[in-house]
Each structure stands twice: as structure tokens, then as C-alpha cells.
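This report concerns only the one structure given below.
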Amino acid sequence: MKKYLFVGNWKMNHTLEETRKFFEVFLEKIGEVDLSDRLIAIAPPFTSLYYASSLVKDSPIKLCAQNAHFADRGAFTGEISPLMLREIGVEYVIIGHSERRHIFGEKDSLIAKRVEGVYKFGLTPILCVGETLSEREVGQTLEVVERQIKRGLEHISELLPERLVIAYEPVWAIGTGVNATPEQAEEVHSYLRELLKELYGERAREIRILYGGSVTPENVNSLMSKPNIDGVLVGGASLDPQKFLSIVSIRVVKEV
Ligand code: PGA
């Protein structure tokens, strides 16, 4: 059975001291959560990542990086290699987040190379896709996410489905407090599911498709009730250990 995946993306937040305080509370309580059907990963900034790896060592919490280069080493100032991440116990890497695409100009071709590099070195890429508000308003949502998926995965031909995660994150919902409705999210998720089946066959059922964009303890239940939503990628609400604990500990009840 595919397990649900809950990922906290801290973005450029939390110093070492704040990281320590977060895990002090989070790890104390996580033992009370039934984790039999779910995985939990946290993506601190790079400075806290190595420190976090020692804090979560004997816990069920997995580590995620917020980006990675595709080479194992080399003259790439400002980049981190998948090998370096693997060395400190990182398992997941967010690639193509909308902030990377829109603020830092990362294009599908670069994102595809990052996905390939991360995959090749044994880590699990979390490929983010999503439309802007103006693209949604002119009815281009499905076209945009289809292009981002096809281009982002163009170098991944042989696929282990549990080693790929997709995150649908509508750009207009990120950090705005306006989440996609569960119906809007499910429409895109089921479209992505069919698309992944076209690319990889029936095994694509096992690929986790997460929703991201203003996920809170209040809206996570209704989002997670949708059949094709396999988890969530949480920004703002993952910075507070109590809030993230209430998100990761929900009882998931799927609509039939
Ligand atoms: P948000 O961010 O939950 O703060 O909207 C989500 C994300 O960017 O992954």
C-alpha cells in the first residue's frame, strides 16, 4: 500500500536555534501519532539540514532538501550536489518549486536535469508544477501542468514509482492564504494521474501526488479526502511544530 506523504517546506526560515526548538517540540509529540499509513519529511534550509540530520536520527522523520544540482561535484558556485545530500541522510529533494521558477528563473530544461540528477543518485525528487492565476483565468491550467510534467520528467524513462513524487502547487495559492478548493485540486490531480499512466503505465498509480498551497490544520482534512491527493506539501504552517503536528496527525478518510 502506498503511504501518504506529508512534507514541511521551511523555505528560507529557521536558524539553528529555531531548528533545535522546533524539533524539541515536534519529536517529543510525534511518537503519539500513528504513522502506519504515512511518511513525514521536513525540508529545512541548507544550513540547518546537517544539524537536523543529527536531531532526527533515531526518529521516523525523513529529511528533504529544497533543491539540488545534477552533478556529484564541480564548479557550480552556490549549488549543492545530490551526493552531498545523500551523505547526510537526505531522502527527498524538492525540485522546480514555483519560487525557483518565478523568482530565480529556473526553466523546465534545468528542472529536468535536476530531477534526473537527484533520481540517479538514489534520492526521491518532488517535482513541483502549477499554474499562475492568469494562466488559470484563461483556462490553461491543465496545459501548463502537462507541459511542466512532460518536460520535467523527460530524462526519466525507467521509473520506480515510489521514487518519484509530484506536487501540484497552484502559484496563486502559495503563501496567500487562499488554498485551491478540494475539487479544484482533485481535478488537476486526476488529470496528472492519467498523464503519468500514459508516460509510465499502470504503475503510475503508485506515484504520490501531493497538493501544496496554503495548507492548514483547518483545510487539510477536506483536501486529503480526495482520491488522488496522496499527501501535502506545507510551507507556512510547517514552521510551527504544533500546527505541523496537527496536520500530520489527521485521520485520513477518503471519499468513495
Ligand atoms: P504555503 O507554501 O503552505 O506557505 O502556501 C507551500 C509551498 O510553497 O510549498
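The chains in the C-alpha cells are called A, B, ... from first to last as shown; in each chain the residues are counted from 1, and the ligands are counted from 1 in the order shown.
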
Compile the contact shell of range 61-66 of chain A as a ChimeraX atom specification: residues with an atom at most 9 Å away, counting only C-alpha atoms, same-chain residues fewer than 5 positions apart removed. /A:7-11,27,30,39-46,49,52-53,56,85,89-95,97

Can you tell me which residues come within 8 Å of ligand 1 when counting only C-alpha atoms and all ligand atoms, ideally as a list in words? Gly8, Asn9, Lys11, His97, Ser98, Glu99, Glu169, Ala173, Ile174, Gly175, Thr176, Gly177, Asn179, Gly212, Gly213, Ser214, Val215, Thr216, Leu233, Val234, Gly235, Gly236, Ala237 and Ser238 of chain A

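A straight line drawn from CA of Ser249 in chain A to CA of Ser59 in chain A is 15.7 Å long.
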
Skipping near chain neighbours, those fewer than 5 positions away, what residues fall within 12 Å of Leu159 in chain A using only C-alpha atoms, listed as number ranges by chain? A: 116, 119-120, 122, 124-125, 153-154, 164-165, 196-197, 199-204, 206-207

Same residues, N, CA and C atoms, output as a short mmCIF file (atom, residue, chain, number, x, y, z; two decimals), in the first residue's frame:
data_model
loop_
_atom_site.label_atom_id
_atom_site.label_comp_id
_atom_site.auth_asym_id
_atom_site.auth_seq_id
_atom_site.Cartn_x
_atom_site.Cartn_y
_atom_site.Cartn_z
N GLU A 116 16.63 14.48 -12.93
CA GLU A 116 17.42 13.33 -13.36
C GLU A 116 18.59 13.07 -12.41
N TYR A 119 17.43 11.77 -9.03
CA TYR A 119 16.93 10.41 -9.18
C TYR A 119 18.09 9.42 -9.33
N LYS A 120 19.05 9.83 -10.17
CA LYS A 120 20.21 8.97 -10.46
C LYS A 120 21.03 8.66 -9.21
N GLY A 122 19.92 8.26 -6.30
CA GLY A 122 19.16 7.46 -5.33
C GLY A 122 18.24 8.26 -4.41
N THR A 124 14.79 10.86 -3.88
CA THR A 124 13.46 10.95 -4.49
C THR A 124 13.11 12.40 -4.80
N PRO A 125 13.01 12.74 -6.09
CA PRO A 125 12.64 14.12 -6.41
C PRO A 125 11.16 14.38 -6.14
N LEU A 153 10.10 15.59 -16.60
CA LEU A 153 10.42 14.16 -16.47
C LEU A 153 11.05 13.60 -17.74
N GLU A 154 11.48 14.49 -18.63
CA GLU A 154 11.90 13.98 -19.95
C GLU A 154 13.10 13.04 -19.88
N LEU A 164 9.38 8.64 -7.11
CA LEU A 164 9.02 9.91 -7.73
C LEU A 164 7.81 10.47 -7.01
N VAL A 165 7.88 11.76 -6.68
CA VAL A 165 6.73 12.45 -6.07
C VAL A 165 6.46 13.69 -6.93
N LEU A 196 0.46 10.58 -16.00
CA LEU A 196 1.57 9.74 -15.53
C LEU A 196 1.37 8.29 -15.98
N LYS A 197 0.12 7.86 -16.07
CA LYS A 197 -0.15 6.50 -16.57
C LYS A 197 0.23 6.39 -18.04
N LEU A 199 2.57 8.03 -19.42
CA LEU A 199 4.03 8.03 -19.51
C LEU A 199 4.65 6.75 -18.98
N TYR A 200 4.08 6.19 -17.88
CA TYR A 200 4.75 5.09 -17.20
C TYR A 200 3.90 3.84 -17.02
N GLY A 201 2.69 3.86 -17.58
CA GLY A 201 1.82 2.69 -17.44
C GLY A 201 1.11 2.64 -16.09
N GLU A 202 0.48 1.49 -15.82
CA GLU A 202 -0.36 1.35 -14.63
C GLU A 202 0.38 1.58 -13.31
N ARG A 203 1.70 1.35 -13.33
CA ARG A 203 2.48 1.53 -12.10
C ARG A 203 2.41 2.97 -11.59
N ALA A 204 1.99 3.88 -12.46
CA ALA A 204 1.91 5.29 -12.08
C ALA A 204 0.91 5.53 -10.96
N GLU A 206 1.14 4.23 -8.23
CA GLU A 206 1.96 4.26 -7.01
C GLU A 206 2.73 5.56 -6.81
N ILE A 207 2.71 6.43 -7.83
CA ILE A 207 3.41 7.71 -7.69
C ILE A 207 2.59 8.61 -6.77
#

Would you kindly return, as a PyMOL selection string, each protein, DNA or RNA residue with an atom no farther than 8 Å from any atom of Asn221 in chain A, considering only C-alpha atoms and excluding same-chain residues fewer than 4 positions away? chain A and resi 217+225+250-253

Just to be explicit: take each residue in the selection above, keep N, CA, C and O atoms, and write the result as a PDB file, in the first residue's frame.
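That gives us part23.pdb:
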ATOM      1  N   PRO A 217      -4.097  23.338   9.295  1.00  0.00           N
ATOM      2  CA  PRO A 217      -4.797  22.296  10.055  1.00  0.00           C
ATOM      3  C   PRO A 217      -6.299  22.324   9.747  1.00  0.00           C
ATOM      4  O   PRO A 217      -6.978  21.307   9.863  1.00  0.00           O
ATOM      5  N   SER A 225      -9.229  14.204   1.635  1.00  0.00           N
ATOM      6  CA  SER A 225     -10.332  13.265   1.402  1.00  0.00           C
ATOM      7  C   SER A 225     -10.456  12.900  -0.075  1.00  0.00           C
ATOM      8  O   SER A 225     -11.132  11.945  -0.434  1.00  0.00           O
ATOM      9  N   ILE A 250      -3.711  14.024  11.181  1.00  0.00           N
ATOM     10  CA  ILE A 250      -5.141  13.895  10.845  1.00  0.00           C
ATOM     11  C   ILE A 250      -5.493  12.447  10.508  1.00  0.00           C
ATOM     12  O   ILE A 250      -4.645  11.664  10.053  1.00  0.00           O
ATOM     13  N   ARG A 251      -6.760  12.137  10.721  1.00  0.00           N
ATOM     14  CA  ARG A 251      -7.251  10.834  10.281  1.00  0.00           C
ATOM     15  C   ARG A 251      -7.689  11.008   8.836  1.00  0.00           C
ATOM     16  O   ARG A 251      -8.530  11.858   8.538  1.00  0.00           O
ATOM     17  N   VAL A 252      -7.090  10.255   7.931  1.00  0.00           N
ATOM     18  CA  VAL A 252      -7.436  10.422   6.513  1.00  0.00           C
ATOM     19  C   VAL A 252      -8.642   9.547   6.184  1.00  0.00           C
ATOM     20  O   VAL A 252      -8.619   8.331   6.372  1.00  0.00           O
ATOM     21  N   VAL A 253      -9.696  10.204   5.716  1.00  0.00           N
ATOM     22  CA  VAL A 253     -10.882   9.458   5.289  1.00  0.00           C
ATOM     23  C   VAL A 253     -11.136   9.812   3.833  1.00  0.00           C
ATOM     24  O   VAL A 253     -11.440  10.962   3.508  1.00  0.00           O
TER      25      VAL A 253
END

Quick one: residues within 12 Å of Val256 in chain A, only C-alpha atoms, excluding same-chain residues fewer than 5 positions away - as a count of residues only? 4

Name the closest residue to Glu87 in chain A among the candidates A:Ala112, A:Leu123, A:Met224, A:Ile103; distances are taken between atoms, counting only C-alpha atoms.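 So, comparing all the options, the nearest one is A:Leu123.
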
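A straight line drawn from CA of Leu239 in chain A to CA of Arg163 in chain A is 25.8 Å long.
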
Counting only C-alpha atoms, figure out which residue out of A:Glu218, A:Tyr4, A:Glu143, A:Gly152 gets nearest to Lys243 in chain A. A:Glu218

Separation of CA of His102 in chain A and CA of Pro170 in chain A, in Å? 12.4 Å

Which residues in range 58-168 of chain A does DSSP call strand (DSSP E)? List them as a ChimeraX atom specification. /A:62-65,90-95,124-129,165-168

Selection to disk with C-alpha atoms, as a PDB file, in the first residue's frame:
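So part.pdb came out as:
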ATOM      1  CA  LYS A  62      12.752  11.935   6.932  1.00  0.00           C
ATOM      2  CA  LEU A  63      14.871  14.717   5.569  1.00  0.00           C
ATOM      3  CA  CYS A  64      14.175  16.681   2.441  1.00  0.00           C
ATOM      4  CA  ALA A  65      16.298  19.312   0.675  1.00  0.00           C
ATOM      5  CA  VAL A  90      18.562  13.281   2.911  1.00  0.00           C
ATOM      6  CA  GLU A  91      15.972  11.168   1.048  1.00  0.00           C
ATOM      7  CA  TYR A  92      13.761  13.698  -0.761  1.00  0.00           C
ATOM      8  CA  VAL A  93      14.543  16.812  -2.799  1.00  0.00           C
ATOM      9  CA  ILE A  94      12.058  19.489  -3.867  1.00  0.00           C
ATOM     10  CA  ILE A  95      12.717  20.429  -7.498  1.00  0.00           C
ATOM     11  CA  THR A 124      13.456  10.950  -4.491  1.00  0.00           C
ATOM     12  CA  PRO A 125      12.643  14.121  -6.415  1.00  0.00           C
ATOM     13  CA  ILE A 126       9.477  16.030  -5.519  1.00  0.00           C
ATOM     14  CA  LEU A 127       8.738  17.737  -8.828  1.00  0.00           C
ATOM     15  CA  CYS A 128       6.527  20.814  -8.328  1.00  0.00           C
ATOM     16  CA  VAL A 129       4.132  22.004 -11.007  1.00  0.00           C
ATOM     17  CA  VAL A 165       6.733  12.450  -6.073  1.00  0.00           C
ATOM     18  CA  ILE A 166       4.760  15.147  -7.872  1.00  0.00           C
ATOM     19  CA  ALA A 167       3.475  18.231  -6.050  1.00  0.00           C
ATOM     20  CA  TYR A 168       0.659  20.239  -7.580  1.00  0.00           C
TER      21      TYR A 168
END

Which of range 8-232 of chain A fall in helix (DSSP H, G or I), as a count of residues only: 101

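For the choices A:Phe70, A:Tyr50, A:Phe104, A:Tyr191, the atom-to-atom distance to Ile149 in chain A is smallest for A:Tyr191 when using only C-alpha atoms.
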